file input_27.csv (CSV, C-alpha atoms and all ligand atoms)
chain,number,residue,atom,x,y,z
A,562,MET,CA,-26.2,-34.3,-35.2
A,563,LYS,CA,-27.7,-35.9,-38.3
A,564,ILE,CA,-30.4,-38.4,-37.9
A,565,ALA,CA,-32.4,-40.8,-40.0
A,566,VAL,CA,-36.0,-41.5,-39.1
A,567,PHE,CA,-37.7,-44.8,-40.0
A,568,VAL,CA,-41.5,-44.7,-40.4
A,569,SER,CA,-44.4,-46.9,-41.6
A,570,GLY,CA,-47.6,-44.8,-41.1
A,571,ARG,CA,-49.1,-41.4,-40.6
A,572,GLY,CA,-45.9,-39.8,-39.2
A,573,SER,CA,-47.2,-37.8,-36.2
A,574,ASN,CA,-44.0,-38.6,-34.3
A,575,LEU,CA,-41.9,-37.6,-37.3
A,576,ARG,CA,-43.8,-34.3,-37.3
A,577,ALA,CA,-43.1,-33.8,-33.6
A,578,ILE,CA,-39.4,-34.4,-34.2
A,579,LEU,CA,-39.3,-31.9,-37.0
A,580,GLU,CA,-41.2,-29.3,-35.1
A,581,ALA,CA,-38.8,-29.7,-32.1
A,582,GLN,CA,-35.8,-29.5,-34.5
A,583,LYS,CA,-36.9,-26.0,-35.5
A,584,LYS,CA,-36.6,-24.9,-31.9
A,585,LYS,CA,-33.6,-26.8,-30.7
A,586,LYS,CA,-31.5,-26.8,-33.8
A,587,ASN,CA,-29.0,-29.3,-32.4
A,588,TYR,CA,-30.1,-32.1,-34.7
A,589,GLU,CA,-31.3,-32.4,-38.3
A,590,VAL,CA,-33.4,-35.1,-39.9
A,591,SER,CA,-31.4,-35.8,-43.0
A,592,VAL,CA,-33.3,-38.9,-44.3
A,593,VAL,CA,-36.7,-40.6,-43.8
A,594,VAL,CA,-36.9,-44.3,-44.6
A,595,SER,CA,-40.1,-46.4,-44.9
A,596,ASP,CA,-41.0,-50.0,-45.8
A,597,LYS,CA,-43.9,-48.4,-47.8
A,598,PHE,CA,-43.9,-46.4,-51.1
A,599,ASP,CA,-46.7,-44.1,-49.8
A,600,CYS,CA,-47.5,-43.2,-46.3
A,601,GLY,CA,-48.5,-40.0,-44.4
A,602,ALA,CA,-45.0,-39.7,-43.0
A,603,PHE,CA,-43.5,-39.5,-46.5
A,604,GLU,CA,-45.8,-36.6,-47.2
A,605,ILE,CA,-44.6,-34.8,-44.1
A,606,ALA,CA,-41.0,-35.5,-45.1
A,607,LYS,CA,-41.6,-34.1,-48.6
A,608,GLY,CA,-43.2,-31.0,-47.0
A,609,PHE,CA,-39.9,-30.4,-45.1
A,610,SER,CA,-37.8,-31.2,-48.3
A,611,ILE,CA,-36.2,-34.3,-46.7
A,612,GLN,CA,-34.9,-37.1,-48.9
A,613,THR,CA,-36.9,-40.3,-48.6
A,614,PHE,CA,-36.1,-44.0,-49.3
A,615,THR,CA,-38.3,-47.1,-49.4
A,616,ILE,CA,-36.5,-50.1,-48.0
A,617,GLY,CA,-37.0,-53.6,-49.5
A,618,THR,CA,-36.3,-55.8,-52.4
A,619,LYS,CA,-39.0,-54.6,-54.9
A,620,GLU,CA,-38.1,-52.4,-57.9
A,621,GLY,CA,-37.6,-48.8,-56.7
A,622,CYS,CA,-36.5,-49.9,-53.2
A,623,ILE,CA,-33.1,-49.6,-51.5
A,624,SER,CA,-31.4,-52.5,-49.7
A,625,TYR,CA,-30.1,-52.3,-46.1
A,626,ASP,CA,-26.5,-52.6,-47.5
A,627,GLU,CA,-27.1,-49.6,-49.8
A,628,LEU,CA,-28.8,-47.7,-47.1
A,629,LEU,CA,-25.8,-48.3,-44.8
A,630,LYS,CA,-23.5,-46.8,-47.4
A,631,LYS,CA,-25.8,-43.7,-47.7
A,632,PHE,CA,-25.8,-43.3,-43.9
A,633,ILE,CA,-22.0,-43.4,-43.8
A,634,GLU,CA,-21.8,-40.8,-46.7
A,635,LYS,CA,-24.3,-38.6,-44.9
A,636,GLU,CA,-22.7,-39.0,-41.5
A,637,ILE,CA,-25.8,-40.2,-39.8
A,638,GLU,CA,-25.2,-40.5,-36.1
A,639,LEU,CA,-28.6,-41.7,-34.8
A,640,VAL,CA,-31.4,-43.8,-36.3
A,641,VAL,CA,-34.8,-43.2,-34.9
A,642,LEU,CA,-37.7,-45.7,-35.4
A,643,ALA,CA,-40.8,-43.6,-35.2
A,644,GLY,CA,-43.7,-46.0,-35.9
A,645,PHE,CA,-41.5,-48.3,-38.1
A,646,LEU,CA,-43.1,-51.7,-37.8
A,647,LYS,CA,-40.5,-54.1,-39.4
A,648,LEU,CA,-37.7,-55.8,-37.6
A,649,LEU,CA,-34.3,-54.5,-38.7
A,650,PRO,CA,-31.7,-57.0,-39.9
A,651,VAL,CA,-29.2,-58.0,-37.2
A,652,GLU,CA,-26.2,-56.8,-39.3
A,653,PHE,CA,-27.8,-53.4,-39.6
A,654,VAL,CA,-28.4,-53.2,-35.9
A,655,ASN,CA,-24.9,-54.3,-35.1
A,656,GLN,CA,-23.4,-51.5,-37.3
A,657,PHE,CA,-25.4,-49.0,-35.3
A,658,ASN,CA,-25.0,-50.5,-31.9
A,659,PHE,CA,-26.5,-48.2,-29.3
A,660,LYS,CA,-27.3,-45.7,-32.1
A,661,ILE,CA,-30.8,-46.9,-32.9
A,662,ILE,CA,-33.7,-45.9,-30.7
A,663,ASN,CA,-37.4,-46.8,-30.9
A,664,ILE,CA,-40.6,-45.3,-29.5
A,665,HIS,CA,-43.1,-47.8,-28.1
A,666,PRO,CA,-46.6,-46.8,-27.1
A,667,ALA,CA,-46.7,-48.6,-23.7
A,668,LEU,CA,-44.6,-49.0,-20.6
A,669,LEU,CA,-42.0,-51.7,-21.5
A,670,PRO,CA,-41.2,-54.4,-20.7
A,671,SER,CA,-45.0,-54.9,-20.5
A,672,PHE,CA,-47.1,-55.0,-23.7
A,673,GLY,CA,-44.1,-55.3,-26.1
A,674,GLY,CA,-42.9,-58.0,-28.5
A,675,LYS,CA,-43.9,-59.4,-31.9
A,676,GLY,CA,-47.3,-58.2,-33.0
A,677,MET,CA,-47.5,-55.5,-30.3
A,678,TYR,CA,-47.7,-52.4,-32.3
A,679,GLY,CA,-50.1,-49.5,-32.7
A,680,ALA,CA,-53.7,-50.3,-31.9
A,681,ASN,CA,-52.8,-53.9,-30.8
A,682,VAL,CA,-50.9,-52.5,-27.9
A,683,HIS,CA,-53.7,-50.2,-26.7
A,684,LYS,CA,-56.3,-53.0,-27.0
A,685,ALA,CA,-54.1,-55.3,-24.9
A,686,VAL,CA,-53.6,-52.5,-22.3
A,687,PHE,CA,-57.3,-51.8,-22.3
A,688,GLU,CA,-58.2,-55.5,-21.9
A,689,SER,CA,-55.7,-55.9,-19.0
A,690,SER,CA,-57.6,-53.2,-17.1
A,691,ALA,CA,-54.2,-51.5,-16.3
A,692,LYS,CA,-54.7,-48.1,-14.7
A,693,VAL,CA,-51.6,-46.5,-16.2
A,694,SER,CA,-50.0,-46.6,-19.6
A,695,GLY,CA,-47.4,-44.5,-21.3
A,696,ALA,CA,-44.6,-44.4,-23.8
A,697,SER,CA,-41.1,-45.8,-23.8
A,698,VAL,CA,-38.0,-44.9,-25.8
A,699,HIS,CA,-35.5,-47.7,-25.9
A,700,PHE,CA,-32.3,-48.8,-27.7
A,701,VAL,CA,-33.0,-51.2,-30.5
A,702,ASP,CA,-31.4,-54.7,-30.3
A,703,PRO,CA,-32.1,-57.5,-32.8
A,704,ASN,CA,-35.4,-58.5,-31.1
A,705,TYR,CA,-38.7,-56.7,-30.7
A,706,ASP,CA,-38.8,-54.2,-27.8
A,707,THR,CA,-36.2,-55.8,-25.6
A,708,GLY,CA,-33.4,-53.2,-25.8
A,709,LYS,CA,-32.5,-51.1,-22.8
A,710,ILE,CA,-35.0,-48.4,-21.8
A,711,ILE,CA,-33.8,-44.8,-22.2
A,712,ALA,CA,-36.9,-42.8,-21.1
A,713,GLN,CA,-40.5,-43.4,-20.1
A,714,LYS,CA,-43.5,-41.3,-19.1
A,715,CYS,CA,-46.8,-42.6,-17.7
A,716,VAL,CA,-50.4,-41.4,-18.1
A,717,ASP,CA,-53.4,-42.2,-15.9
A,718,ILE,CA,-55.9,-44.3,-17.9
A,719,SER,CA,-58.1,-45.4,-15.0
A,720,ASP,CA,-61.1,-43.6,-16.4
A,721,VAL,CA,-60.8,-44.5,-20.1
A,722,LYS,CA,-63.8,-46.1,-22.0
A,723,SER,CA,-61.9,-47.4,-25.1
A,724,PRO,CA,-58.5,-48.4,-26.4
A,725,GLU,CA,-58.7,-45.3,-28.7
A,726,GLU,CA,-58.8,-43.1,-25.7
A,727,ILE,CA,-55.6,-44.7,-24.4
A,728,ALA,CA,-54.0,-44.2,-27.8
A,729,GLU,CA,-54.8,-40.5,-27.7
A,730,ARG,CA,-53.4,-40.0,-24.3
A,731,VAL,CA,-50.2,-42.0,-25.0
A,732,LEU,CA,-49.6,-40.3,-28.3
A,733,GLU,CA,-49.5,-36.9,-26.6
A,734,ILE,CA,-46.7,-38.3,-24.4
A,735,GLU,CA,-44.8,-39.9,-27.3
A,736,HIS,CA,-44.6,-36.5,-29.0
A,737,GLN,CA,-42.9,-35.1,-25.9
A,738,ILE,CA,-40.4,-37.9,-25.0
A,739,LEU,CA,-39.1,-38.8,-28.4
A,740,PRO,CA,-37.8,-35.3,-29.3
A,741,PHE,CA,-36.6,-35.0,-25.7
A,742,VAL,CA,-34.4,-38.1,-26.0
A,743,ILE,CA,-33.1,-37.1,-29.4
A,744,ASP,CA,-32.1,-33.7,-28.0
A,745,LYS,CA,-30.3,-35.4,-25.1
A,746,PHE,CA,-28.4,-37.6,-27.7
A,747,ALA,CA,-27.4,-34.5,-29.6
A,748,GLU,CA,-26.1,-33.0,-26.4
A,749,GLY,CA,-24.1,-36.2,-25.6
A,750,LYS,CA,-26.1,-36.6,-22.4
A,751,ILE,CA,-27.1,-40.2,-22.7
A,752,LYS,CA,-24.7,-42.6,-21.1
A,753,ILE,CA,-24.6,-46.2,-20.0
A,754,ALA,CA,-23.3,-46.8,-16.5
A,755,ASP,CA,-23.3,-50.1,-14.7
A,756,GLY,CA,-25.6,-51.5,-17.3
A,757,ARG,CA,-28.2,-48.8,-16.9
A,758,VAL,CA,-29.0,-46.0,-19.3
A,759,VAL,CA,-28.6,-42.6,-17.6
A,760,ILE,CA,-29.6,-39.2,-18.9
A,761,CYS,CA,-27.2,-36.7,-17.5
A,762,ASP,CA,-28.2,-33.1,-16.5
A,801,LIG,C1,-46.9,-44.7,-32.6
A,801,LIG,O1,-47.9,-44.7,-31.6
A,801,LIG,C2,-45.7,-45.5,-32.2
A,801,LIG,O2,-45.5,-45.6,-30.8
A,801,LIG,C3,-46.2,-46.9,-32.7
A,801,LIG,O3,-46.7,-46.6,-33.9
A,801,LIG,C4,-47.3,-45.3,-33.9
A,801,LIG,C5,-46.9,-44.5,-35.1
A,801,LIG,O4,-47.6,-43.3,-35.2
A,801,LIG,N1,-45.1,-47.8,-32.8
A,801,LIG,C6,-45.2,-49.1,-32.4
A,801,LIG,O5,-46.2,-49.5,-32.0
A,801,LIG,C7,-43.9,-49.8,-32.5
A,801,LIG,N2,-44.0,-51.0,-31.7
A,801,LIG,P1,-47.1,-42.1,-36.1
A,801,LIG,O6,-46.9,-42.7,-37.5
A,801,LIG,O7,-48.2,-41.1,-36.0
A,801,LIG,O8,-45.9,-41.6,-35.5
call {"tool": "encode", "arguments": {"input": "input_27.csv", "output": "structure tokens"}}
result
Amino acid sequence: MKIAVFVSGRGSNLRAILEAQKKKKNYEVSVVVSDKFDCGAFEIAKGFSIQTFTIGTKEGCISYDELLKKFIEKEIELVVLAGFLKLLPVEFVNQFNFKIINIHPALLPSFGGKGMYGANVHKAVFESSAKVSGASVHFVDPNYDTGKIIAQKCVDISDVKSPEEIAERVLEIEHQILPFVIDKFAEGKIKIADGRVVICD
């Protein structure tokens, strides 16, 4: 299964996906897309000789329409948002209905929505005094963080002293569940039954 990964920052989730790809071999990251010209994730992609595109309207960028054509040409079957912080256009989401997934660094449907990304999420979780946090992988719909949840994993944060400590614990989980879900997609084991997402054995 060929996948496209969208990124905006350092790319630790991209790296986790690429490391898992070496072992599983049932999917291949064919393209990495960012809203930035330079980011840590692009360096990682280049290290793995993966084609990169910057999405946008500035010179040197690719538009969503052009990107869609490329994805069809390259037979991309799954789009993975791994720390991509922009909202995708509705038309793009509709073209890839139930074929776009996102990793969110908290237990949705709490601590999601506009502005809830990266450090902002962990700060809100810390200030709420919640005793558990975790990571969620969900389908992408045209809104922020509201698509159906595919997989979640929790971590105890009852003893943390800072939002950074929460971020560290959650990131470790992210690096496990995102490659896990991609692998299940590649094996055709993710189904929707009675409105719920089910991962089959
Ligand atoms: C990750 O923690 C990811 O969950 C988060 O951005 C970080 C990217 O890190 N995404 C969001 O907050 C989306 N709402 P990475 O670039 O090292 O993978």
call {"tool": "residues_near_ligand", "arguments": {"input": "input_27.csv", "ligand": "ligand LIG 801 (chain A)", "cutoff": "10 Å", "atoms": "only C-alpha atoms and all ligand atoms", "output": "MDAnalysis selection string"}}
result
chainID A and resid 567:578 600:602 642:648 663:667 672:683 695:698 705:706 728:729 731:736 739
call {"tool": "residues_near_point", "arguments": {"input": "input_27.csv", "point": "(-58.0, -46.5, -19.7)", "cutoff": "6 Å", "atoms": "all atoms listed in the file", "output": "tab-separated table (two decimals) with C-alpha atoms, keeping the file's coordinate frame"}}
result
chain	number	residue	atom	x	y	z
A	687	PHE	CA	-57.30	-51.80	-22.30
A	718	ILE	CA	-55.90	-44.30	-17.90
A	719	SER	CA	-58.10	-45.40	-15.00
A	720	ASP	CA	-61.10	-43.60	-16.40
A	721	VAL	CA	-60.80	-44.50	-20.10
A	727	ILE	CA	-55.60	-44.70	-24.40
call {"tool": "residues_around", "arguments": {"input": "input_27.csv", "residues": "segment 604-616 of chain A", "least_positions_apart": "2", "cutoff": "7 Å", "atoms": "all atoms listed in the file", "output": "PyMOL selection string"}}
result
chain A and resi 576+591-598+600-602+622-624
call {"tool": "write_last_selection", "arguments": {"input": "input_27.csv", "atoms": "C-alpha atoms", "output": "tab-separated table (two decimals), in the frame of the given file"}}
result
chain	number	residue	atom	x	y	z
A	576	ARG	CA	-43.80	-34.30	-37.30
A	591	SER	CA	-31.40	-35.80	-43.00
A	592	VAL	CA	-33.30	-38.90	-44.30
A	593	VAL	CA	-36.70	-40.60	-43.80
A	594	VAL	CA	-36.90	-44.30	-44.60
A	595	SER	CA	-40.10	-46.40	-44.90
A	596	ASP	CA	-41.00	-50.00	-45.80
A	597	LYS	CA	-43.90	-48.40	-47.80
A	598	PHE	CA	-43.90	-46.40	-51.10
A	600	CYS	CA	-47.50	-43.20	-46.30
A	601	GLY	CA	-48.50	-40.00	-44.40
A	602	ALA	CA	-45.00	-39.70	-43.00
A	622	CYS	CA	-36.50	-49.90	-53.20
A	623	ILE	CA	-33.10	-49.60	-51.50
A	624	SER	CA	-31.40	-52.50	-49.70
call {"tool": "closest_atom_pairs", "arguments": {"input": "input_27.csv", "of": "segment 638-677 of chain A", "to": "segment 580-589 of chain A", "cutoff": "12 Å", "atoms": "only C-alpha atoms", "output": "tab-separated table"}}
result
residue	atom	partner	partner_atom	distance
A:Glu638	CA	A:Tyr588	CA	9.8
A:Leu639	CA	A:Tyr588	CA	9.7
A:Val640	CA	A:Glu589	CA	11.6
A:Val641	CA	A:Glu589	CA	11.9
call {"tool": "atom_distance", "arguments": {"input": "input_27.csv", "atom1": "atom CA of Leu668 of chain A", "atom2": "atom CA of Cys715 of chain A"}}
result
7.4 Å
call {"tool": "axis_aligned_box", "arguments": {"input": "input_27.csv", "around": "segment 732-736 of chain A", "padding_each_side": "3 Å", "output": "AutoDock Vina command-line options"}}
result
--center_x -47.1 --center_y -38.4 --center_z -26.7 --size_x 11.0 --size_y 9.8 --size_z 10.6
call {"tool": "closest_residue", "arguments": {"input": "input_27.csv", "among": "A:Phe746, A:Lys722, A:Arg730, A:Thr707", "to": "Ser694 of chain A", "atoms": "all atoms listed in the file"}}
result
A:Arg730
call {"tool": "closest_residue", "arguments": {"input": "input_27.csv", "among": "A:Val716, A:Lys660, A:Glu636, A:Lys692", "to": "Gly749 of chain A", "atoms": "all atoms listed in the file"}}
result
A:Lys660
call {"tool": "closest_residue", "arguments": {"input": "input_27.csv", "among": "A:Ile564, A:Ile637, A:Ala685, A:Val701", "to": "Val651 of chain A", "atoms": "only C-alpha atoms"}}
result
A:Val701
call {"tool": "atom_distance", "arguments": {"input": "input_27.csv", "atom1": "atom CA of Lys709 of chain A", "atom2": "atom CA of Phe659 of chain A"}}
result
9.3 Å
call {"tool": "closest_residue", "arguments": {"input": "input_27.csv", "among": "A:Leu579, A:Lys619, A:Ile738, A:Ala712", "to": "Ile751 of chain A", "atoms": "all atoms listed in the file"}}
result
A:Ala712
call {"tool": "atom_distance", "arguments": {"input": "input_27.csv", "atom1": "atom CA of Ile710 of chain A", "atom2": "atom CA of Ile633 of chain A"}}
result
26.0 Å
call {"tool": "residues_near_point", "arguments": {"input": "input_27.csv", "point": "(-26.5, -53.4, -21.9)", "cutoff": "10 Å", "atoms": "all atoms listed in the file", "output": "compact mmCIF listing (two decimals) with C-alpha atoms, in the frame of the given file"}}
result
# COMPACT_ATOMS: atom_id res chain seq x y z
CA PHE A 659 -26.50 -48.20 -29.30
CA PHE A 700 -32.30 -48.80 -27.70
CA ASP A 702 -31.40 -54.70 -30.30
CA GLY A 708 -33.40 -53.20 -25.80
CA LYS A 709 -32.50 -51.10 -22.80
CA ILE A 710 -35.00 -48.40 -21.80
CA ILE A 753 -24.60 -46.20 -20.00
CA ALA A 754 -23.30 -46.80 -16.50
CA ASP A 755 -23.30 -50.10 -14.70
CA GLY A 756 -25.60 -51.50 -17.30
CA ARG A 757 -28.20 -48.80 -16.90
CA VAL A 758 -29.00 -46.00 -19.30
call {"tool": "build_atoms", "arguments": {"input": "input_27.csv", "residues": "segment 626-641 of chain A", "atoms": "N, CA, C and O atoms", "output": "CSV table (one decimal), in the coordinates of the input"}}
result
chain,number,residue,atom,x,y,z
A,626,ASP,N,-28.0,-52.8,-47.2
A,626,ASP,CA,-26.5,-52.6,-47.5
A,626,ASP,C,-26.3,-51.2,-48.1
A,626,ASP,O,-25.4,-50.4,-47.8
A,627,GLU,N,-27.2,-50.9,-49.1
A,627,GLU,CA,-27.1,-49.6,-49.8
A,627,GLU,C,-27.4,-48.5,-48.9
A,627,GLU,O,-26.7,-47.4,-48.9
A,628,LEU,N,-28.4,-48.7,-48.0
A,628,LEU,CA,-28.8,-47.7,-47.1
A,628,LEU,C,-27.6,-47.4,-46.1
A,628,LEU,O,-27.3,-46.2,-45.8
A,629,LEU,N,-27.0,-48.4,-45.7
A,629,LEU,CA,-25.8,-48.3,-44.8
A,629,LEU,C,-24.8,-47.4,-45.4
A,629,LEU,O,-24.2,-46.5,-44.7
A,630,LYS,N,-24.5,-47.6,-46.7
A,630,LYS,CA,-23.5,-46.8,-47.4
A,630,LYS,C,-23.9,-45.3,-47.4
A,630,LYS,O,-23.1,-44.4,-47.2
A,631,LYS,N,-25.2,-45.1,-47.7
A,631,LYS,CA,-25.8,-43.7,-47.7
A,631,LYS,C,-25.6,-43.1,-46.3
A,631,LYS,O,-25.3,-41.9,-46.2
A,632,PHE,N,-25.9,-43.9,-45.3
A,632,PHE,CA,-25.8,-43.3,-43.9
A,632,PHE,C,-24.4,-42.9,-43.6
A,632,PHE,O,-24.2,-41.9,-42.9
A,633,ILE,N,-23.4,-43.7,-44.0
A,633,ILE,CA,-22.0,-43.4,-43.8
A,633,ILE,C,-21.7,-42.1,-44.5
A,633,ILE,O,-21.1,-41.2,-44.0
A,634,GLU,N,-22.1,-42.0,-45.8
A,634,GLU,CA,-21.8,-40.8,-46.7
A,634,GLU,C,-22.4,-39.6,-46.0
A,634,GLU,O,-21.8,-38.5,-46.0
A,635,LYS,N,-23.6,-39.7,-45.5
A,635,LYS,CA,-24.3,-38.6,-44.9
A,635,LYS,C,-24.0,-38.3,-43.5
A,635,LYS,O,-24.5,-37.4,-42.9
A,636,GLU,N,-23.1,-39.1,-42.9
A,636,GLU,CA,-22.7,-39.0,-41.5
A,636,GLU,C,-23.8,-39.0,-40.5
A,636,GLU,O,-23.9,-38.2,-39.6
A,637,ILE,N,-24.7,-40.0,-40.8
A,637,ILE,CA,-25.8,-40.2,-39.8
A,637,ILE,C,-25.3,-40.8,-38.5
A,637,ILE,O,-24.6,-41.8,-38.5
A,638,GLU,N,-25.7,-40.1,-37.4
A,638,GLU,CA,-25.2,-40.5,-36.1
A,638,GLU,C,-26.3,-41.2,-35.2
A,638,GLU,O,-25.9,-41.8,-34.2
A,639,LEU,N,-27.5,-41.1,-35.6
A,639,LEU,CA,-28.6,-41.7,-34.8
A,639,LEU,C,-29.7,-42.1,-35.8
A,639,LEU,O,-30.1,-41.3,-36.7
A,640,VAL,N,-30.2,-43.3,-35.5
A,640,VAL,CA,-31.4,-43.8,-36.3
A,640,VAL,C,-32.5,-43.9,-35.3
A,640,VAL,O,-32.4,-44.5,-34.3
A,641,VAL,N,-33.7,-43.3,-35.8
A,641,VAL,CA,-34.8,-43.2,-34.9
A,641,VAL,C,-36.0,-44.0,-35.5
A,641,VAL,O,-36.4,-43.6,-36.7
